[in-house]
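A.B. asks: Sending over a structure as structure tokens; questions will come in a sec.
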Amino acid sequence: MHAWFATYLQWVVLIHLTCAILFVGAAAFEVFVLEGLHQRFDAATMHQLETAVMARVRHYMPIVVILLFLSGFVLFDQYCNGIQCIGDGRHFGWLLLAKVTLAFAVLGVFANAIWSGFRGRMTVCRFRYTHRIVLTLMAGIVFLAKAMFIL
Ligand code: HEM
């Protein structure tokens with residue numbers, strides 16, 4: 001591999017990691033910070049707050065998610081040599097595939113939440129469970145992202 005290409009790939013990893021931090025960070029904020037506020041504020045105030053948070057997320061998160069997936073595909077292609085790493089006798093390919101499968105599950109849940117928000121069908125209960133599911137899946141993705149190089 002040429003030195004400039006290895007450098008270019010590291011920039012792609014940086015973009016991927018930055019977007020992952022923003023995406024996982026937003027889900028963590030909603031679960032660990034926002035959910036805790038339910039004990040301090042009444043339902044109407046919380047509804048207003050959560051609607052405002054969703055509006056902000058809808059504003060900037062789609063571009064973060066697009067960059068995350070685009071950079072992910074570039075990395076996949078390079079690390080896996082197309083799809084040749086899958087079933088080549090190492091664990092790497094299968095763990096990477098599991099990571100990507102979880103990433104698509106997150107994408108599905110996220111797209112569904114954005115769509116429900118647009119149509120005004122996002123209830124407080126659904127808001128809460130969506131974020132818990134997304135955060136759990138993301139914890140699995142981050143674990144696999146590192147475990148695939150170790151196991
Ligand atoms: C919710 C979506 C995703 C999250 C949160 C995520 C998160 C991460 C994280 C934290 C790393 C470790 C980066 C590092 O420290 O080096 C990583 C690496 C990687 N990701 Fe993702 N990722 C996501 C989606 C994807 C997708 C859709 C693909 C492929 C189609 C992908 C392919 C890769 C590859 C090949 C690496 C290895 C790069 C490296 O660490 O050098 N990721 N991902």
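Each chain in the structure tokens gets a letter, A, B and so on, in the order shown; residues start at 1 in every chain, and ligands are counted from 1 in the order they appear.
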Which residues sit within 6 Å of ligand 1, counting only C-alpha atoms and all ligand atoms, listed as a PyMOL selection string?

C.D. replies: chain A and resi 13+17+20+69+72-73+75-76+79+100+103+106+138+141-142+145

A.B. asks: Store the residues picked out above in a file with C-alpha atoms, as a CSV table (one decimal), in the first residue's frame.

C.D. replies:
chain,number,residue,atom,x,y,z
A,13,VAL,CA,-11.0,6.6,10.0
A,17,LEU,CA,-14.8,8.0,14.4
A,20,ALA,CA,-19.6,7.8,15.5
A,69,PHE,CA,-22.0,5.2,6.6
A,72,GLY,CA,-17.7,3.0,6.8
A,73,PHE,CA,-18.2,1.7,3.3
A,75,LEU,CA,-13.1,1.4,5.2
A,76,PHE,CA,-15.0,-1.9,4.7
A,79,TYR,CA,-10.1,-3.6,5.2
A,100,VAL,CA,-22.2,-3.6,9.9
A,103,ALA,CA,-25.1,-0.5,12.1
A,106,VAL,CA,-29.4,1.3,14.2
A,138,MET,CA,-24.3,1.2,19.5
A,141,ILE,CA,-21.0,-1.8,17.5
A,142,VAL,CA,-18.2,0.0,19.4
A,145,ALA,CA,-15.2,-2.2,16.1

A.B. asks: Set the distance at 10 Å and use only C-alpha atoms: which residues neighbour Val134 (chain A) once local chain neighbours fewer than 5 positions away are removed? I'd like the list as a list of chain:residue names.

C.D. replies: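 After dropping sequence-adjacent residues, the list is A:Phe23, A:Val24, A:Ala27, A:Ala28, A:Val31, A:Leu102, A:Ala103, A:Ala105, A:Val106, A:Leu107, A:Gly108, A:Val109, A:Phe110, A:Tyr129, A:Ala139, A:Gly140.
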
A.B. asks: From the options A:Ile15, A:Met46, A:Leu97, A:Ala113, which residue's atoms come nearest to Ile66 (chain A), counting only C-alpha atoms?

C.D. replies: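 Between A:Ile15, A:Met46, A:Leu97, A:Ala113, the residue approaching Ile66 (chain A) most closely is A:Ile15.
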
A.B. asks: Just the residues within 9 Å of Leu34 (chain A), please, counting only C-alpha atoms, with nothing from its chain fewer than 3 positions along; format it as a list in words.

C.D. replies: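 Counting only C-alpha atoms, the residues come to Phe29, Glu30, Val31, Leu37, His38, Met46, Leu49 and Glu50 of chain A.
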
A.B. asks: Can you spit out the residues from that selection as a PDB file, in the first residue's frame, using N, CA and C atoms?

C.D. replies:
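Output saved as out29.pdb:
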ATOM      1  N   PHE A  29     -26.603  11.050  25.536  1.00  0.00           N
ATOM      2  CA  PHE A  29     -27.172  12.242  26.179  1.00  0.00           C
ATOM      3  C   PHE A  29     -28.666  12.047  26.439  1.00  0.00           C
ATOM      4  N   GLU A  30     -29.361  11.508  25.429  1.00  0.00           N
ATOM      5  CA  GLU A  30     -30.807  11.343  25.579  1.00  0.00           C
ATOM      6  C   GLU A  30     -31.155  10.322  26.674  1.00  0.00           C
ATOM      7  N   VAL A  31     -30.383   9.242  26.740  1.00  0.00           N
ATOM      8  CA  VAL A  31     -30.688   8.210  27.744  1.00  0.00           C
ATOM      9  C   VAL A  31     -30.239   8.650  29.147  1.00  0.00           C
ATOM     10  N   LEU A  37     -34.441  13.890  33.505  1.00  0.00           N
ATOM     11  CA  LEU A  37     -35.163  15.135  33.768  1.00  0.00           C
ATOM     12  C   LEU A  37     -36.662  14.911  33.980  1.00  0.00           C
ATOM     13  N   HIS A  38     -37.146  13.702  33.642  1.00  0.00           N
ATOM     14  CA  HIS A  38     -38.572  13.416  33.815  1.00  0.00           C
ATOM     15  C   HIS A  38     -39.001  13.527  35.282  1.00  0.00           C
ATOM     16  N   MET A  46     -41.645  18.410  29.583  1.00  0.00           N
ATOM     17  CA  MET A  46     -40.771  17.391  28.991  1.00  0.00           C
ATOM     18  C   MET A  46     -41.106  17.165  27.526  1.00  0.00           C
ATOM     19  N   LEU A  49     -39.585  19.928  25.611  1.00  0.00           N
ATOM     20  CA  LEU A  49     -38.122  19.768  25.585  1.00  0.00           C
ATOM     21  C   LEU A  49     -37.720  18.682  24.578  1.00  0.00           C
ATOM     22  N   GLU A  50     -38.436  17.546  24.646  1.00  0.00           N
ATOM     23  CA  GLU A  50     -38.093  16.427  23.750  1.00  0.00           C
ATOM     24  C   GLU A  50     -38.396  16.761  22.296  1.00  0.00           C
TER      25      GLU A  50
END

A.B. asks: Skip Ile86 (chain A) itself and residues of its chain fewer than 6 positions away, then list as a VMD selection string all residues within 9 Å of it, counting only C-alpha atoms.

C.D. replies: chain A and resid 80 92 to 97

A.B. asks: Could you tell me which of A:Cys85, A:Ala3, A:Leu68, A:Ala98 comes closest to Leu137 (chain A) if we count only C-alpha atoms?

C.D. replies: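 Closest residue, counting only C-alpha atoms: A:Ala98.
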
A.B. asks: From the set A:Ile133, A:Ala26, A:Leu144, A:Cys19, which residue has the shortest atom-to-atom contact distance to Ile63 (chain A), counting only C-alpha atoms?

C.D. replies: A:Cys19

A.B. asks: Name the residues of chain A that come out as alpha helix (DSSP H) in a backbone DSSP run; write them as number ranges by chain.

C.D. replies: A: 3-29, 43-80, 92-118, 124-150

A.B. asks: Write out the residues from the selection above, keeping C-alpha atoms, as a CSV table (one decimal), in the first residue's frame.

C.D. replies:
chain,number,residue,atom,x,y,z
A,3,ALA,CA,2.2,5.8,2.0
A,4,TRP,CA,-0.2,8.4,0.8
A,5,PHE,CA,-3.0,5.9,0.6
A,6,ALA,CA,-2.4,4.7,4.2
A,7,THR,CA,-2.5,8.4,5.3
A,8,TYR,CA,-5.7,8.9,3.3
A,9,LEU,CA,-7.3,5.9,5.1
A,10,GLN,CA,-6.4,7.3,8.5
A,11,TRP,CA,-8.3,10.5,7.6
A,12,VAL,CA,-11.3,8.4,6.6
A,13,VAL,CA,-11.0,6.6,10.0
A,14,LEU,CA,-10.9,10.0,11.7
A,15,ILE,CA,-14.1,11.1,9.9
A,16,HIS,CA,-15.8,7.8,10.8
A,17,LEU,CA,-14.8,8.0,14.4
A,18,THR,CA,-15.9,11.7,14.7
A,19,CYS,CA,-19.3,10.9,13.3
A,20,ALA,CA,-19.6,7.8,15.5
A,21,ILE,CA,-18.8,9.9,18.6
A,22,LEU,CA,-21.5,12.5,17.6
A,23,PHE,CA,-24.1,9.8,16.9
A,24,VAL,CA,-23.4,7.7,20.0
A,25,GLY,CA,-22.9,10.8,22.1
A,26,ALA,CA,-26.4,12.1,21.2
A,27,ALA,CA,-28.0,8.8,22.1
A,28,ALA,CA,-26.1,8.7,25.4
A,29,PHE,CA,-27.2,12.2,26.2
A,43,ALA,CA,-45.0,15.9,31.3
A,44,ALA,CA,-46.0,19.0,29.2
A,45,THR,CA,-42.5,20.7,29.8
A,46,MET,CA,-40.8,17.4,29.0
A,47,HIS,CA,-42.8,17.0,25.8
A,48,GLN,CA,-41.7,20.5,24.7
A,49,LEU,CA,-38.1,19.8,25.6
A,50,GLU,CA,-38.1,16.4,23.8
A,51,THR,CA,-39.8,18.0,20.7
A,52,ALA,CA,-37.1,20.7,20.6
A,53,VAL,CA,-34.3,18.1,21.0
A,54,MET,CA,-35.8,16.0,18.2
A,55,ALA,CA,-35.9,19.1,15.9
A,56,ARG,CA,-32.2,19.8,16.6
A,57,VAL,CA,-31.3,16.1,16.0
A,58,ARG,CA,-33.3,16.1,12.7
A,59,HIS,CA,-31.4,19.3,11.7
A,60,TYR,CA,-27.8,18.0,11.9
A,61,MET,CA,-27.8,14.2,12.5
A,62,PRO,CA,-28.7,13.1,9.0
A,63,ILE,CA,-25.5,14.5,7.6
A,64,VAL,CA,-23.5,12.9,10.4
A,65,VAL,CA,-25.1,9.5,9.7
A,66,ILE,CA,-24.5,9.8,5.9
A,67,LEU,CA,-20.8,10.6,6.5
A,68,LEU,CA,-20.6,7.8,9.1
A,69,PHE,CA,-22.0,5.2,6.6
A,70,LEU,CA,-20.0,6.6,3.6
A,71,SER,CA,-16.7,6.5,5.5
A,72,GLY,CA,-17.7,3.0,6.8
A,73,PHE,CA,-18.2,1.7,3.3
A,74,VAL,CA,-14.8,3.0,2.2
A,75,LEU,CA,-13.1,1.4,5.2
A,76,PHE,CA,-15.0,-1.9,4.7
A,77,ASP,CA,-13.9,-2.1,1.1
A,78,GLN,CA,-10.3,-1.5,2.1
A,79,TYR,CA,-10.1,-3.6,5.2
A,80,CYS,CA,-12.1,-6.5,3.7
A,92,PHE,CA,-12.2,-10.4,11.5
A,93,GLY,CA,-14.6,-10.7,8.5
A,94,TRP,CA,-17.4,-12.2,10.5
A,95,LEU,CA,-17.1,-9.6,13.4
A,96,LEU,CA,-17.0,-6.8,10.8
A,97,LEU,CA,-20.1,-8.2,9.2
A,98,ALA,CA,-21.8,-8.4,12.6
A,99,LYS,CA,-20.8,-4.8,13.2
A,100,VAL,CA,-22.2,-3.6,9.9
A,101,THR,CA,-25.5,-5.6,10.5
A,102,LEU,CA,-25.9,-3.8,13.8
A,103,ALA,CA,-25.1,-0.5,12.1
A,104,PHE,CA,-28.0,-1.1,9.7
A,105,ALA,CA,-30.3,-2.1,12.5
A,106,VAL,CA,-29.4,1.3,14.2
A,107,LEU,CA,-30.1,3.0,10.8
A,108,GLY,CA,-33.5,1.4,10.6
A,109,VAL,CA,-34.5,2.4,14.1
A,110,PHE,CA,-33.1,5.9,13.6
A,111,ALA,CA,-34.9,6.5,10.2
A,112,ASN,CA,-38.1,5.2,11.7
A,113,ALA,CA,-37.8,7.6,14.7
A,114,ILE,CA,-37.2,10.6,12.4
A,115,TRP,CA,-40.1,9.6,10.2
A,116,SER,CA,-42.4,9.2,13.2
A,117,GLY,CA,-41.3,12.6,14.5
A,118,PHE,CA,-42.2,14.2,11.1
A,124,VAL,CA,-42.7,10.1,25.2
A,125,CYS,CA,-42.6,6.3,25.8
A,126,ARG,CA,-41.5,5.5,22.2
A,127,PHE,CA,-38.9,8.3,22.4
A,128,ARG,CA,-37.4,6.7,25.5
A,129,TYR,CA,-37.4,3.1,24.2
A,130,THR,CA,-36.0,4.1,20.8
A,131,HIS,CA,-33.0,5.8,22.5
A,132,ARG,CA,-32.4,2.8,24.8
A,133,ILE,CA,-32.5,0.4,21.9
A,134,VAL,CA,-30.2,2.6,19.7
A,135,LEU,CA,-27.7,3.0,22.6
A,136,THR,CA,-27.6,-0.7,23.3
A,137,LEU,CA,-27.0,-1.5,19.6
A,138,MET,CA,-24.3,1.2,19.5
A,139,ALA,CA,-22.5,-0.2,22.5
A,140,GLY,CA,-22.4,-3.5,20.6
A,141,ILE,CA,-21.0,-1.8,17.5
A,142,VAL,CA,-18.2,0.0,19.4
A,143,PHE,CA,-17.3,-3.3,21.1
A,144,LEU,CA,-17.2,-5.1,17.8
A,145,ALA,CA,-15.2,-2.2,16.1
A,146,LYS,CA,-12.4,-2.9,18.5
A,147,ALA,CA,-12.9,-6.7,19.2
A,148,MET,CA,-12.6,-7.5,15.5
A,149,PHE,CA,-8.9,-6.5,15.6
A,150,ILE,CA,-8.2,-8.4,18.9

A.B. asks: How far is it from CA of Leu151 (chain A) to CA of Gly89 (chain A), in Å with one decimal?

C.D. replies: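 Separation of CA of Leu151 (chain A) and CA of Gly89 (chain A): 12.4 Å.
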
A.B. asks: How many Å separate CA of Thr123 (chain A) from CA of Asp42 (chain A)?

C.D. replies: 14.9 Å
